[in-house]
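Below is structure_14.txt, holding compact mmCIF, C-alpha atoms.
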# COMPACT_ATOMS: atom_id res chain seq x y z
CA MET O 55 112.58 77.61 74.83
CA SER O 56 109.76 75.60 76.39
CA TYR O 57 107.62 76.97 79.20
CA ALA O 58 109.13 74.51 81.69
CA GLU O 59 112.70 75.40 80.64
CA ALA O 60 111.96 79.15 80.89
CA VAL O 61 110.44 78.79 84.37
CA ARG O 62 113.41 76.72 85.53
CA LEU O 63 115.92 79.22 84.11
CA THR O 64 114.03 82.04 85.85
CA GLU O 65 114.26 80.15 89.15
CA ILE O 66 118.02 79.75 88.74
CA LEU O 67 118.64 83.39 87.76
CA LEU O 68 116.38 84.78 90.50
CA GLY O 69 117.90 82.46 93.08
CA LEU O 70 121.38 83.66 92.13
CA ALA O 71 120.26 87.30 92.27
CA PHE O 72 118.83 86.76 95.77
CA LEU O 73 121.97 84.89 96.88
CA GLN O 74 124.08 87.87 95.77
CA GLN O 75 121.84 90.30 97.66
CA SER O 76 121.58 88.29 100.86
CA LEU O 77 125.32 87.59 101.05
CA GLU O 78 125.86 91.37 101.11
CA HIS O 79 123.70 91.61 104.25
CA LEU O 80 125.47 88.92 106.24
CA ALA O 81 128.03 91.42 107.50
CA GLY O 82 125.21 93.77 108.48
CA PRO O 83 123.35 94.19 111.76
CA ARG O 84 121.59 91.30 113.49
CA ASP O 85 118.03 92.22 112.48
CA GLU O 86 119.07 92.05 108.81
CA ARG O 87 120.99 88.79 109.22
CA VAL O 88 117.95 87.17 110.82
CA LEU O 89 116.00 87.75 107.61
CA HIS O 90 118.79 87.15 105.12
CA LEU O 91 120.14 83.86 106.51
CA PRO O 92 116.93 81.92 105.74
CA ARG O 93 116.69 83.85 102.47
CA LEU O 94 120.11 82.50 101.53
CA ALA O 95 119.04 78.90 102.20
CA LEU O 96 115.78 79.32 100.29
CA SER O 97 117.56 80.98 97.35
CA ALA O 98 119.98 78.06 97.20
CA ALA O 99 116.98 75.69 97.14
CA LEU O 100 115.48 77.72 94.28
CA VAL O 101 118.73 77.50 92.30
CA ALA O 102 118.99 73.76 92.94
CA GLY O 103 115.34 73.19 92.04
CA TRP O 104 114.72 71.56 95.42
CA HIS O 105 111.03 72.06 96.33
CA SER O 106 111.22 75.25 94.30
CA GLY O 107 107.50 76.05 94.63
CA ALA O 108 107.67 76.04 98.43
CA ALA O 109 111.00 77.90 98.34
CA ALA O 110 109.50 80.62 96.11
CA LEU O 111 106.49 80.99 98.41
CA LEU O 112 108.64 81.28 101.54
CA LEU O 113 110.92 83.75 99.74
CA LEU O 114 107.84 85.85 99.02
CA VAL O 115 106.94 85.83 102.74
CA LEU O 116 110.52 86.90 103.54
CA GLY O 117 110.24 89.58 100.85
CA LEU O 118 107.20 91.00 102.63
CA LEU O 119 109.06 90.95 105.97
CA LEU O 120 111.97 92.80 104.34
CA LEU O 121 109.53 95.42 102.98
CA ARG O 122 108.30 95.88 106.55
CA ARG O 123 111.81 96.06 108.01
CA PHE O 124 112.94 98.77 105.58
CA ASP O 125 109.52 100.46 105.36
CA GLY O 126 109.59 99.83 101.61
CA PRO O 127 112.19 98.40 99.24
CA TYR O 128 115.84 98.51 100.39
CA ASN O 129 117.05 98.88 96.83
CA GLY O 130 114.14 100.56 94.99
CA GLY O 131 113.37 99.22 91.53
CA ALA O 132 115.70 96.21 91.82
CA ASP O 133 113.79 94.90 94.86
CA ARG O 134 110.48 95.57 93.14
CA MET O 135 111.55 93.65 90.03
CA GLY O 136 112.78 90.79 92.24
CA LEU O 137 109.42 90.63 94.00
CA LEU O 138 107.55 90.78 90.70
CA VAL O 139 109.56 87.87 89.27
CA LEU O 140 109.07 85.96 92.52
CA SER O 141 105.31 86.56 92.60
CA CYS O 142 104.97 85.37 89.00
CA LEU O 143 107.10 82.30 89.81
CA CYS O 144 104.79 81.49 92.73
CA ALA O 145 101.83 81.72 90.38
CA THR O 146 103.51 79.32 87.93
CA HIS O 147 103.63 76.80 90.80
CA PHE O 148 100.31 77.40 92.54
CA ALA O 149 97.85 78.79 89.97
CA PRO O 150 94.97 76.30 89.59
CA THR O 151 95.11 75.86 85.79
CA ALA O 152 97.82 75.58 83.14
CA LEU O 153 96.37 78.61 81.37
CA LEU O 154 96.62 80.76 84.51
CA LYS O 155 100.17 79.54 85.08
CA GLU O 156 101.18 80.57 81.57
CA ALA O 157 99.25 83.86 81.88
CA SER O 158 101.14 84.80 85.05
CA PHE O 159 104.47 84.07 83.35
CA GLY O 160 103.27 86.11 80.36
CA TYR O 161 102.41 88.95 82.75
CA LEU O 162 106.06 89.01 83.83
CA ALA O 163 107.09 89.27 80.17
CA ALA O 164 104.63 92.13 79.62
CA GLN O 165 105.93 93.99 82.69
CA LEU O 166 109.49 93.58 81.45
CA VAL O 167 108.56 95.19 78.14
CA LEU O 168 106.73 97.96 80.02
CA SER O 169 109.74 98.53 82.27
CA TYR O 170 111.73 99.65 79.24
CA PHE O 171 108.94 101.37 77.30
CA MET O 172 107.59 103.38 80.27
CA SER O 173 111.11 104.43 81.30
CA GLY O 174 111.63 105.74 77.77
CA TRP O 175 108.21 107.42 77.68
CA VAL O 176 108.58 109.36 80.95
CA LYS O 177 111.95 110.61 79.73
CA VAL O 178 110.94 111.64 76.22
CA VAL O 179 108.00 113.76 77.47
CA ASN O 180 110.39 115.68 79.73
CA PRO O 181 112.05 118.65 77.91
CA ALA O 182 115.13 118.33 80.15
CA TRP O 183 115.75 114.83 78.75
CA ARG O 184 115.08 115.93 75.16
CA ARG O 185 117.56 118.81 75.52
CA GLY O 186 120.15 116.48 77.03
CA GLU O 187 120.22 118.36 80.34
CA ALA O 188 118.87 115.55 82.53
CA LEU O 189 121.84 113.23 82.10
CA VAL O 190 124.19 116.19 82.68
CA GLU O 191 122.43 116.78 86.03
CA VAL O 192 122.68 113.08 86.93
CA PHE O 193 126.46 113.27 86.61
CA ALA O 194 126.79 116.84 87.97
CA TYR O 195 125.06 116.53 91.34
CA SER O 196 122.84 113.46 91.74
CA ALA O 197 123.72 110.93 94.42
CA TYR O 198 124.35 108.15 91.89
CA PRO O 199 127.87 108.41 90.36
CA VAL O 200 130.13 105.91 92.13
CA SER O 201 133.11 108.28 92.26
CA GLU O 202 133.69 112.02 92.30
CA GLY O 203 135.84 111.59 89.19
CA LEU O 204 132.72 110.60 87.21
CA ARG O 205 131.20 114.03 87.90
CA GLY O 206 133.61 115.36 85.27
CA TRP O 207 131.45 113.66 82.63
CA ALA O 208 128.89 116.44 83.17
CA ALA O 209 131.14 118.71 81.09
CA HIS O 210 130.65 116.51 77.99
CA ARG O 211 127.21 117.86 77.16
CA ALA O 212 127.06 116.77 73.51
CA LEU O 213 128.11 113.23 74.39
CA LEU O 214 125.58 112.99 77.23
CA ARG O 215 122.83 114.38 74.99
CA ALA O 216 123.61 111.66 72.43
CA MET O 217 123.69 109.03 75.19
CA GLY O 218 120.38 110.27 76.58
CA TRP O 219 118.71 110.04 73.15
CA ALA O 220 120.22 106.60 72.53
CA VAL O 221 118.71 105.37 75.81
CA MET O 222 115.30 106.92 75.07
CA VAL O 223 115.13 105.56 71.49
CA PHE O 224 116.20 102.10 72.66
CA GLU O 225 113.67 102.02 75.52
CA LEU O 226 110.80 103.26 73.34
CA ALA O 227 111.64 100.87 70.49
CA PHE O 228 112.07 97.86 72.79
CA PRO O 229 108.52 96.46 72.21
CA LEU O 230 109.24 96.23 68.45
CA ALA O 231 111.87 93.58 69.21
CA LEU O 232 109.03 91.18 70.03
CA LEU O 233 108.27 90.88 66.30
CA ASN O 234 111.32 88.72 65.65
CA ALA O 235 113.37 86.29 67.76
CA GLY O 236 116.67 87.57 66.34
CA ALA O 237 115.74 91.18 67.06
CA LEU O 238 114.71 90.21 70.61
CA ALA O 239 118.07 88.49 71.19
CA VAL O 240 119.89 91.66 70.10
CA ALA O 241 117.58 93.85 72.20
CA LEU O 242 118.14 91.73 75.32
CA VAL O 243 121.92 91.87 74.86
CA LEU O 244 121.73 95.66 74.47
CA ALA O 245 119.43 95.95 77.48
CA ALA O 246 121.77 93.83 79.62
CA SER O 247 124.68 96.03 78.49
CA PHE O 248 122.68 99.09 79.56
CA HIS O 249 122.16 97.59 83.04
CA LEU O 250 125.84 96.67 83.14
CA ALA O 251 126.79 100.30 82.41
CA ASN O 252 124.40 101.50 85.14
CA ALA O 253 125.96 99.02 87.55
CA CYS O 254 129.48 100.26 86.78
CA LEU O 255 128.73 104.01 86.71
CA PHE O 256 126.00 104.29 89.35
CA GLY O 257 126.57 101.20 91.50
CA LEU O 258 123.18 99.72 90.57
CA ASN O 259 124.45 96.13 90.43
CA ARG O 260 121.26 94.60 91.83
CA PHE O 261 119.25 95.95 88.88
CA LEU O 262 121.38 93.94 86.45
CA TRP O 263 120.73 90.59 88.17
CA ALA O 264 117.05 91.30 88.90
CA TRP O 265 116.30 92.25 85.29
CA LEU O 266 118.26 89.30 83.87
CA ALA O 267 116.01 87.00 85.91
CA ALA O 268 112.98 88.26 83.97
CA TYR O 269 114.49 87.70 80.50
CA PRO O 270 113.55 83.99 80.11
CA ALA O 271 109.86 84.91 80.51
CA LEU O 272 110.07 87.32 77.59
CA TRP O 273 112.10 84.90 75.47
CA TRP O 274 109.48 82.19 76.05
CA CYS O 275 106.56 84.59 75.52
CA GLN O 276 107.90 85.81 72.16
CA GLY O 277 108.14 82.23 70.92
CA ARG O 278 104.68 81.45 72.29
CA LEU O 279 103.03 84.44 70.58
CA LEU O 280 104.98 84.37 67.29
CA PRO O 281 106.17 80.77 66.84
CA MET R 11 101.76 94.46 104.22
CA LEU R 12 100.07 93.60 100.91
CA ALA R 13 99.81 97.33 100.15
CA ARG R 14 103.62 97.37 100.14
CA LEU R 15 103.69 94.50 97.64
CA LEU R 16 101.28 96.17 95.23
CA PRO R 17 103.86 98.61 93.73
CA ALA R 18 105.98 95.55 92.90
CA LEU R 19 103.11 93.72 91.22
CA MET R 20 102.05 96.79 89.24
CA PRO R 21 105.15 98.99 89.01
CA SER R 22 105.10 102.44 87.43
CA TRP R 23 108.62 102.02 85.93
CA ARG R 24 109.22 105.79 86.08
CA PHE R 25 113.01 105.62 86.33
CA PHE R 26 114.84 108.97 86.22
CA ASP R 27 111.72 110.72 84.86
CA ALA R 28 112.88 113.98 86.49
CA ILE R 29 116.08 114.93 88.25
CA GLY R 30 114.99 116.24 91.64
CA PRO R 31 116.98 117.61 94.59
CA ALA R 32 119.86 115.28 95.46
CA PRO R 33 120.30 114.75 99.21
CA ARG R 34 123.58 114.70 101.09
CA VAL R 35 123.97 113.56 104.70
CA ASP R 36 126.54 115.10 107.06
CA TYR R 37 127.26 114.23 110.68
CA ALA R 38 128.95 115.97 113.60
CA TRP R 39 130.18 114.94 117.05
CA VAL R 40 128.53 117.16 119.65
CA HIS R 41 128.13 117.57 123.41
CA ASP R 42 124.52 118.70 123.10
CA ASP R 43 122.14 120.38 120.64
CA THR R 44 123.57 123.84 121.35
CA SER R 45 127.27 123.09 120.97
CA PRO R 46 129.12 124.26 117.83
CA MET R 47 129.37 121.69 115.05
CA THR R 48 131.99 120.59 112.55
CA TRP R 49 130.13 118.72 109.84
CA HIS R 50 131.64 115.74 108.03
CA PRO R 51 130.14 114.13 104.92
CA PHE R 52 128.62 110.71 105.64
CA ARG R 53 129.79 108.14 103.08
CA PRO R 54 131.67 110.45 100.71
CA ARG R 55 132.28 108.94 97.27
CA PRO R 56 135.87 107.91 96.44
CA ALA R 57 137.74 110.29 94.17
CA ARG R 58 138.27 107.58 91.56
CA LEU R 59 137.20 103.98 91.04
CA GLY R 60 139.20 101.69 88.75
CA VAL R 61 137.67 99.32 86.21
CA ALA R 62 138.65 96.26 88.28
CA ARG R 63 136.85 97.64 91.36
CA MET R 64 133.81 98.48 89.25
CA ALA R 65 133.76 94.92 87.89
CA ALA R 66 134.13 93.42 91.38
CA ARG R 67 131.21 95.53 92.57
CA LEU R 68 128.92 93.71 90.16
CA LEU R 69 129.03 90.81 92.61
CA TRP R 70 129.97 92.44 95.91
CA ASN R 71 128.64 95.92 96.54
CA PRO R 72 127.23 96.12 100.09
CA MET R 73 128.51 99.61 100.93
CA GLN R 74 127.19 101.25 97.76
CA ASN R 75 123.83 99.50 98.16
CA GLU R 76 123.63 100.70 101.75
CA SER R 77 124.58 104.19 100.53
CA LEU R 78 121.70 104.08 98.02
CA TYR R 79 119.38 103.11 100.87
CA ILE R 80 120.73 106.00 102.97
CA VAL R 81 120.09 108.34 100.01
CA ARG R 82 116.48 107.08 99.82
CA CYS R 83 116.01 107.73 103.55
CA ALA R 84 117.43 111.24 103.10
CA GLU R 85 115.11 111.81 100.10
CA ARG R 86 112.15 110.91 102.29
CA ILE R 87 113.29 113.50 104.83
CA VAL R 88 113.58 116.10 102.02
CA GLU R 89 110.00 115.13 101.04
CA GLY R 90 108.87 115.94 104.60
CA GLU R 91 108.81 112.52 106.27
CA THR R 92 110.65 112.46 109.58
CA ASP R 93 109.69 109.35 111.53
CA PHE R 94 111.14 106.19 109.97
CA PRO R 95 113.90 107.80 107.85
CA VAL R 96 115.28 109.80 110.81
CA ARG R 97 115.30 106.70 113.01
CA GLU R 98 116.96 104.71 110.24
CA LEU R 99 119.66 107.32 109.53
CA ARG R 100 120.52 107.45 113.25
CA TRP R 101 120.84 103.65 113.18
CA ARG R 102 123.05 103.73 110.04
CA LEU R 103 125.34 106.30 111.71
CA LEU R 104 125.64 104.12 114.80
CA LEU R 105 126.52 101.15 112.60
CA ALA R 106 129.08 103.26 110.75
CA GLU R 107 130.60 104.26 114.10
CA ARG R 108 130.83 100.59 115.08
CA ARG R 109 132.62 99.89 111.78
CA ALA R 110 135.03 102.79 112.47
CA GLU R 111 133.86 104.60 109.34
CA LEU R 112 133.32 107.96 111.02
CA VAL R 113 136.04 110.46 111.94
CA GLY R 114 137.34 109.97 115.48
CA GLN R 115 134.89 110.59 118.31
CA THR R 116 135.42 114.03 119.89
CA ALA R 117 132.19 114.26 121.90
CA PRO R 118 129.68 111.83 123.41
CA SER R 119 126.84 112.42 120.91
CA LEU R 120 126.15 112.54 117.19
CA ARG R 121 123.95 114.80 115.10
CA PHE R 122 123.20 114.64 111.42
CA ARG R 123 121.79 116.99 108.85
CA VAL R 124 120.39 116.56 105.36
CA ARG R 125 121.28 118.97 102.59
CA ALA R 126 119.48 119.19 99.24
CA VAL R 127 121.55 119.97 96.16
CA TYR R 128 119.49 121.20 93.22
CA ARG R 129 119.56 123.42 90.16
CA GLU R 130 117.52 126.61 90.06
CA GLY R 131 117.82 129.27 87.38
CA GLY R 132 120.95 127.65 86.04
CA GLU R 133 122.67 127.84 89.42
CA LEU R 134 123.59 124.86 91.60
CA LEU R 135 122.18 125.45 95.10
CA ASP R 136 123.02 123.62 98.31
CA GLU R 137 120.51 124.03 101.13
CA VAL R 138 120.28 122.50 104.60
CA VAL R 139 116.73 121.15 104.90
CA PHE R 140 116.87 119.16 108.13
CA VAL R 141 119.01 118.98 111.26
CA ALA R 142 118.35 116.07 113.61
CA ALA R 143 118.51 116.24 117.39
CA SER R 144 121.67 114.84 118.95
CA PHE R 145 121.78 111.27 120.20
CA ARG R 146 124.23 109.61 122.54
CA VAL R 147 126.69 107.04 121.23
CA THR R 148 127.33 104.28 123.72
CA PRO R 149 128.75 100.81 123.09
CA ALA R 150 125.29 99.37 123.83
CA ALA R 151 123.64 101.63 121.25
CA THR R 152 125.69 100.17 118.42
CA ARG R 153 125.20 96.53 119.35
Do you think you could lay out the structure here as structure tokens?
Amino acid sequence: MSYAEAVRLTEILLGLAFLQQSLEHLAGPRDERVLHLPRLALSAALVAGWHSGAAALLLLVLGLLLLRRFDGPYNGGADRMGLLVLSCLCATHFAPTALLKEASFGYLAAQLVLSYFMSGWVKVVNPAWRRGEALVEVFAYSAYPVSEGLRGWAAHRALLRAMGWAVMVFELAFPLALLNAGALAVALVLAASFHLANACLFGLNRFLWAWLAAYPALWWCQGRLLP
Amino acid sequence: MLARLLPALMPSWRFFDAIGPAPRVDYAWVHDDTSPMTWHPFRPRPARLGVARMAARLLWNPMQNESLYIVRCAERIVEGETDFPVRELRWRLLLAERRAELVGQTAPSLRFRVRAVYREGGELLDEVVFVAASFRVTPAATR
């Protein structure tokens, strides 16, 4: 995938992710609608590729206003990933040299790899994760499961221990996928499936779309570094 | 403003590194701060959620996303912050009242409390960590 194609695909995926988010706020209170209505229009422009540089820059301004409105991100890591992708997209449009433009897109790819590796690292150094207790606690009493019925999963300790280790091994091994395009394709499919499971079980749907928007940068970067 | 953007530009990516106290928010209709209270859970989870509903929520999930935001506000209260998160939870309760989400109004004012659920010594504990002052619910307040 060429640099131009990867940037364009990122614009489309991020625009769709923002459209999904902003549509959810249209039924909300007036102060949220005031920020999300222009965000909808700008996201549509980003998807259509209509003055996408200006649209990305204005979306970044709106992103800052949303951070002020909610005194931080409304949706934690998903909002942060969205802003990271957006900031890197702005740099691909406005950085003064081609090298800086590519470097900023490469930075997004590096952060995507770190997002998996660091998540695996902070888990594996925690004894509760290694013993399989952490995932049991997530289902037993955390605020995340989307239904009370899912709390019953906490009783399946052996299964959750295996799932916890599978997640940690995958996250820690993710950087190795950069060595080969085929391995990266498999890793990205597995990673997207992981986000899909989190969306279904914990209601974290915005994470799925925000992370997908960063995938083209990594796909391009792998080809750039190991052609 | 830029300080708020910095964690997005250089994230720590420490997802689920430790399972801390999980907050719950309850509300009660009251006459004043001294009246007896019957607490109701704010945004209780459904008992079950079918596969079709889960799939639909991939694209349309405003209530759960607002619930996650409410949880974050409650976490900030558990961490000792009381200015913005308290104001925001009052606002979310007023919006919920406007959307007829709360149990029927039995008194002119609302109060809310935050409980922390956590594991200690193998036992699951449930502790009230914050009780907000009551606030009046008028049609104008929810506009």
Near chain R, which residues of chain O fall within 6 Å when you count all atoms listed in the file, and what do they look like as a CSV table (one decimal) with C-alpha atoms, keeping the file's coordinate frame?
chain,number,residue,atom,x,y,z
O,78,GLU,CA,125.9,91.4,101.1
O,128,TYR,CA,115.8,98.5,100.4
O,134,ARG,CA,110.5,95.6,93.1
O,138,LEU,CA,107.6,90.8,90.7
O,169,SER,CA,109.7,98.5,82.3
O,172,MET,CA,107.6,103.4,80.3
O,173,SER,CA,111.1,104.4,81.3
O,176,VAL,CA,108.6,109.4,81.0
O,177,LYS,CA,112.0,110.6,79.7
O,196,SER,CA,122.8,113.5,91.7
O,197,ALA,CA,123.7,110.9,94.4
O,201,SER,CA,133.1,108.3,92.3
O,202,GLU,CA,133.7,112.0,92.3
O,203,GLY,CA,135.8,111.6,89.2
O,254,CYS,CA,129.5,100.3,86.8
O,259,ASN,CA,124.4,96.1,90.4
Task: Residue with smallest distance to O:Leu143 - pool O:Tyr57, O:Trp273, O:Tyr170, O:Trp183, counting all atoms listed in the file - done: O:Tyr57
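Relative to atom CA of R:Glu111, atom CA of R:Arg53 is found at 8.3 Å.
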- [ ] Would you kindly return, as a ChimeraX atom specification, each protein, DNA or RNA residue with an atom no farther than 12 Å from any atom of O:Trp263, considering all atoms listed in the file and excluding same-chain residues fewer than 4 positions away?
- [x] /O:64,66-75,131-133,135-136,139,246-247,249-250,252-253,258-259,267-269 /R:68-69
Just write the chosen residues, C-alpha atoms, as a PDB file, in the frame of the given file.
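As written to disk, selection.pdb reads:
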ATOM      1  CA  THR O  64     114.030  82.040  85.850  1.00  0.00           C
ATOM      2  CA  ILE O  66     118.020  79.750  88.740  1.00  0.00           C
ATOM      3  CA  LEU O  67     118.640  83.390  87.760  1.00  0.00           C
ATOM      4  CA  LEU O  68     116.380  84.780  90.500  1.00  0.00           C
ATOM      5  CA  GLY O  69     117.900  82.460  93.080  1.00  0.00           C
ATOM      6  CA  LEU O  70     121.380  83.660  92.130  1.00  0.00           C
ATOM      7  CA  ALA O  71     120.260  87.300  92.270  1.00  0.00           C
ATOM      8  CA  PHE O  72     118.830  86.760  95.770  1.00  0.00           C
ATOM      9  CA  LEU O  73     121.970  84.890  96.880  1.00  0.00           C
ATOM     10  CA  GLN O  74     124.080  87.870  95.770  1.00  0.00           C
ATOM     11  CA  GLN O  75     121.840  90.300  97.660  1.00  0.00           C
ATOM     12  CA  GLY O 131     113.370  99.220  91.530  1.00  0.00           C
ATOM     13  CA  ALA O 132     115.700  96.210  91.820  1.00  0.00           C
ATOM     14  CA  ASP O 133     113.790  94.900  94.860  1.00  0.00           C
ATOM     15  CA  MET O 135     111.550  93.650  90.030  1.00  0.00           C
ATOM     16  CA  GLY O 136     112.780  90.790  92.240  1.00  0.00           C
ATOM     17  CA  VAL O 139     109.560  87.870  89.270  1.00  0.00           C
ATOM     18  CA  ALA O 246     121.770  93.830  79.620  1.00  0.00           C
ATOM     19  CA  SER O 247     124.680  96.030  78.490  1.00  0.00           C
ATOM     20  CA  HIS O 249     122.160  97.590  83.040  1.00  0.00           C
ATOM     21  CA  LEU O 250     125.840  96.670  83.140  1.00  0.00           C
ATOM     22  CA  ASN O 252     124.400 101.500  85.140  1.00  0.00           C
ATOM     23  CA  ALA O 253     125.960  99.020  87.550  1.00  0.00           C
ATOM     24  CA  LEU O 258     123.180  99.720  90.570  1.00  0.00           C
ATOM     25  CA  ASN O 259     124.450  96.130  90.430  1.00  0.00           C
ATOM     26  CA  ALA O 267     116.010  87.000  85.910  1.00  0.00           C
ATOM     27  CA  ALA O 268     112.980  88.260  83.970  1.00  0.00           C
ATOM     28  CA  TYR O 269     114.490  87.700  80.500  1.00  0.00           C
TER      29      TYR O 269
ATOM     30  CA  LEU R  68     128.920  93.710  90.160  1.00  0.00           C
ATOM     31  CA  LEU R  69     129.030  90.810  92.610  1.00  0.00           C
TER      32      LEU R  69
END
Open item on the list: Excluding O:Val61 and its own-chain neighbours fewer than 2 positions away, which residues fall within 12 Å of it when counting all atoms listed in the file? Please give them as a ChimeraX atom specification.
Closed with: /O:55-59,63-68,100-101,103,106-107,110,139-140,142-147,155-156,158-160,162-163,267-275
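Residues surrounding O:Leu89 within 9 Å are Ser76, Leu116, Leu119 and Leu120 of chain O [all atoms listed in the file; sequence separation below 6 positions excluded].
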I'd like the box whose edges run along x, y and z of the file and which contains every listed atom of stretch 73-76 of chain O, padded by 5 Å per side; could you state its centre and edge lengths in Å, one decimal, as AutoDock Vina command-line options?
--center_x 122.8 --center_y 87.6 --center_z 98.3 --size_x 12.5 --size_y 15.4 --size_z 15.1
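With atom CA of R:Trp39 on one side and atom CA of R:Val138 on the other, the separation reads 17.6 Å.
One finds atom CA of O:Ala227 at 19.8 Å from atom CA of O:Leu189.
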